[in-house]
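Here the structure comes first, spelled out in structure tokens, and everything after it is commentary.
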Amino acid sequence: MELFARPDLPRCHALQHLQMATEKLGKAYRFRDTDTPSARLRSEHGGFSKFLMTFIKRPELEGLVTDLSVRSYLAALPALGREVERLTPSIDGENHPQNVEYPWCSGEVIVAPVDYSFPNLGFLHERRGLAFLKVIHLALERFDTGDGRA
């Protein structure tokens with residue numbers, strides 16, 4: 001959230017950091033906890049929303065997520081994760097060309113990520129977005145201990 005608070009940075013920069021962090025987090029759990037071929041994992045940019053679907057169902061997460069405002073949004077988190085995944089040009093680029101890396105065409109206009117507000121990610125400043133970020137933080141914390149396997 002610190003990058004979002006900086007008025008000197010375009011929103012797309014903070015969003016790219018969030019997208020990349022969640023992508024790497026999902027991959028780290030999949031490298032550790034699945035038998036998915038490493039070559040496949042290295043080449044994929046998606047998978048974070050699938051990771052969240054598994055992570056939020058872990059029994060031990062029940063005791064770790066004591067904040068009721070976070071708990072009430074758990075079921076919605078994979079869909080929010082999918083919105084973050086779509087920031088990557090290779091994810092649903094045909095139907096959703098808006099991404100944080102490259103310009104895209106909107107009719108006759110070329111749009112640069114620095115000039116786009118990414119309204120589909122406005123949730124990051126809402127309660128459900130804070131819940132989303134708290135669970136990401138929890139997944140990061142739990143990785144090193146091996147708890148919260150996905």
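Chain lettering (A, B, ...) mirrors the order of the structure tokens, residue numbering begins at 1 for each chain separately, and ligand numbering begins at 1 in order of display.
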Could you list, as a list in words, every residue within 8 Å of Glu85 in chain A, counting only C-alpha atoms and ignoring same-chain residues fewer than 6 positions away?
Gln19, Glu23, His45, Gly46, Gly47, Phe48, Ser49 and Ile91 of chain A
Just the residues within 8 Å of Val100 in chain A, please, counting only C-alpha atoms, with nothing from its chain fewer than 4 positions along; format it as a PyMOL selection string.
chain A and resi 12-13+15-16+87-89+113-114
Filtered DSSP result for range 33-146 of chain A, state helix (DSSP H, G or I), as a ChimeraX atom specification:
/A:33,38-43,48-55,59-64,68-71,74-85,113-115,119-125,127-143
How would the residues just chosen look if you wrote them out with C-alpha atoms as a PDB file, in the first residue's frame?
ATOM      1  CA  ASP A  33       3.560 -28.134  -2.403  1.00  0.00           C
ATOM      2  CA  SER A  38       9.102 -26.475 -12.790  1.00  0.00           C
ATOM      3  CA  ALA A  39       9.354 -25.467 -16.468  1.00  0.00           C
ATOM      4  CA  ARG A  40       5.605 -24.964 -16.536  1.00  0.00           C
ATOM      5  CA  LEU A  41       5.627 -22.936 -13.320  1.00  0.00           C
ATOM      6  CA  ARG A  42       8.402 -20.693 -14.614  1.00  0.00           C
ATOM      7  CA  SER A  43       6.482 -19.867 -17.779  1.00  0.00           C
ATOM      8  CA  PHE A  48      -2.510 -16.901  -7.898  1.00  0.00           C
ATOM      9  CA  SER A  49      -6.308 -17.060  -7.788  1.00  0.00           C
ATOM     10  CA  LYS A  50      -6.131 -20.881  -7.798  1.00  0.00           C
ATOM     11  CA  PHE A  51      -3.589 -20.724  -4.995  1.00  0.00           C
ATOM     12  CA  LEU A  52      -5.949 -18.481  -2.996  1.00  0.00           C
ATOM     13  CA  MET A  53      -8.836 -20.938  -3.458  1.00  0.00           C
ATOM     14  CA  THR A  54      -6.738 -23.603  -1.771  1.00  0.00           C
ATOM     15  CA  PHE A  55      -5.032 -21.383   0.796  1.00  0.00           C
ATOM     16  CA  PRO A  59      -8.112 -25.616   8.454  1.00  0.00           C
ATOM     17  CA  GLU A  60      -5.241 -23.879  10.242  1.00  0.00           C
ATOM     18  CA  LEU A  61      -6.147 -20.610   8.551  1.00  0.00           C
ATOM     19  CA  GLU A  62      -9.333 -20.530  10.624  1.00  0.00           C
ATOM     20  CA  GLY A  63      -7.291 -19.922  13.775  1.00  0.00           C
ATOM     21  CA  LEU A  64      -4.950 -17.468  12.081  1.00  0.00           C
ATOM     22  CA  LEU A  68     -13.942 -10.873  11.379  1.00  0.00           C
ATOM     23  CA  SER A  69     -13.667  -8.234   8.656  1.00  0.00           C
ATOM     24  CA  VAL A  70     -11.076 -10.420   6.908  1.00  0.00           C
ATOM     25  CA  ARG A  71     -12.963 -13.665   7.520  1.00  0.00           C
ATOM     26  CA  LEU A  74     -12.391 -14.962   2.361  1.00  0.00           C
ATOM     27  CA  ALA A  75     -14.717 -16.501  -0.224  1.00  0.00           C
ATOM     28  CA  ALA A  76     -14.362 -13.429  -2.473  1.00  0.00           C
ATOM     29  CA  LEU A  77     -10.556 -13.370  -2.446  1.00  0.00           C
ATOM     30  CA  PRO A  78      -9.915 -15.711  -5.406  1.00  0.00           C
ATOM     31  CA  ALA A  79     -12.012 -13.459  -7.667  1.00  0.00           C
ATOM     32  CA  LEU A  80     -10.039 -10.441  -6.453  1.00  0.00           C
ATOM     33  CA  GLY A  81      -6.842 -12.383  -7.108  1.00  0.00           C
ATOM     34  CA  ARG A  82      -8.015 -12.987 -10.662  1.00  0.00           C
ATOM     35  CA  GLU A  83      -8.389  -9.229 -11.178  1.00  0.00           C
ATOM     36  CA  VAL A  84      -4.778  -8.766 -10.088  1.00  0.00           C
ATOM     37  CA  GLU A  85      -3.663 -11.608 -12.391  1.00  0.00           C
ATOM     38  CA  PRO A 113      -0.687   2.078 -18.514  1.00  0.00           C
ATOM     39  CA  VAL A 114       0.516   5.305 -16.859  1.00  0.00           C
ATOM     40  CA  ASP A 115      -2.590   7.070 -18.191  1.00  0.00           C
ATOM     41  CA  PRO A 119     -11.037   1.015 -12.094  1.00  0.00           C
ATOM     42  CA  ASN A 120     -11.510  -2.758 -11.706  1.00  0.00           C
ATOM     43  CA  LEU A 121      -8.924  -2.604  -8.910  1.00  0.00           C
ATOM     44  CA  GLY A 122     -10.625   0.113  -6.884  1.00  0.00           C
ATOM     45  CA  PHE A 123     -11.443  -2.651  -4.387  1.00  0.00           C
ATOM     46  CA  LEU A 124      -7.871  -2.387  -3.078  1.00  0.00           C
ATOM     47  CA  HIS A 125      -8.918   0.732  -1.159  1.00  0.00           C
ATOM     48  CA  ARG A 127     -12.452  -3.334   3.174  1.00  0.00           C
ATOM     49  CA  ARG A 128     -12.375  -6.357   0.899  1.00  0.00           C
ATOM     50  CA  GLY A 129      -9.098  -5.090  -0.572  1.00  0.00           C
ATOM     51  CA  LEU A 130      -7.599  -4.724   2.878  1.00  0.00           C
ATOM     52  CA  ALA A 131      -8.722  -8.287   3.642  1.00  0.00           C
ATOM     53  CA  PHE A 132      -7.094  -9.385   0.375  1.00  0.00           C
ATOM     54  CA  LEU A 133      -3.813  -7.718   1.326  1.00  0.00           C
ATOM     55  CA  LYS A 134      -3.916  -9.154   4.858  1.00  0.00           C
ATOM     56  CA  VAL A 135      -4.286 -12.692   3.518  1.00  0.00           C
ATOM     57  CA  ILE A 136      -1.405 -12.105   1.099  1.00  0.00           C
ATOM     58  CA  HIS A 137       0.693 -10.928   4.024  1.00  0.00           C
ATOM     59  CA  LEU A 138      -0.333 -13.981   6.034  1.00  0.00           C
ATOM     60  CA  ALA A 139       0.578 -16.306   3.143  1.00  0.00           C
ATOM     61  CA  LEU A 140       3.993 -14.645   2.946  1.00  0.00           C
ATOM     62  CA  GLU A 141       4.530 -15.039   6.679  1.00  0.00           C
ATOM     63  CA  ARG A 142       3.387 -18.670   6.751  1.00  0.00           C
ATOM     64  CA  PHE A 143       5.495 -19.809   3.812  1.00  0.00           C
TER      65      PHE A 143
END
Measuring between only C-alpha atoms, which one of A:Glu101, A:Glu108, A:Asp35, A:Glu44 shows the shortest distance to Ala14 in chain A?
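Ranked by minimum distance to Ala14 in chain A, first place goes to A:Glu101.
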For the structure I just gave you, how does DSSP split range 51-128 of chain A - specifically, which residues are strand (DSSP E or B)? Reply as an MDAnalysis selection string.
chainID A and resid 104:106 109:111
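Across the model, the gap from CA of Gln98 in chain A to CA of Ala112 in chain A is 8.9 Å.
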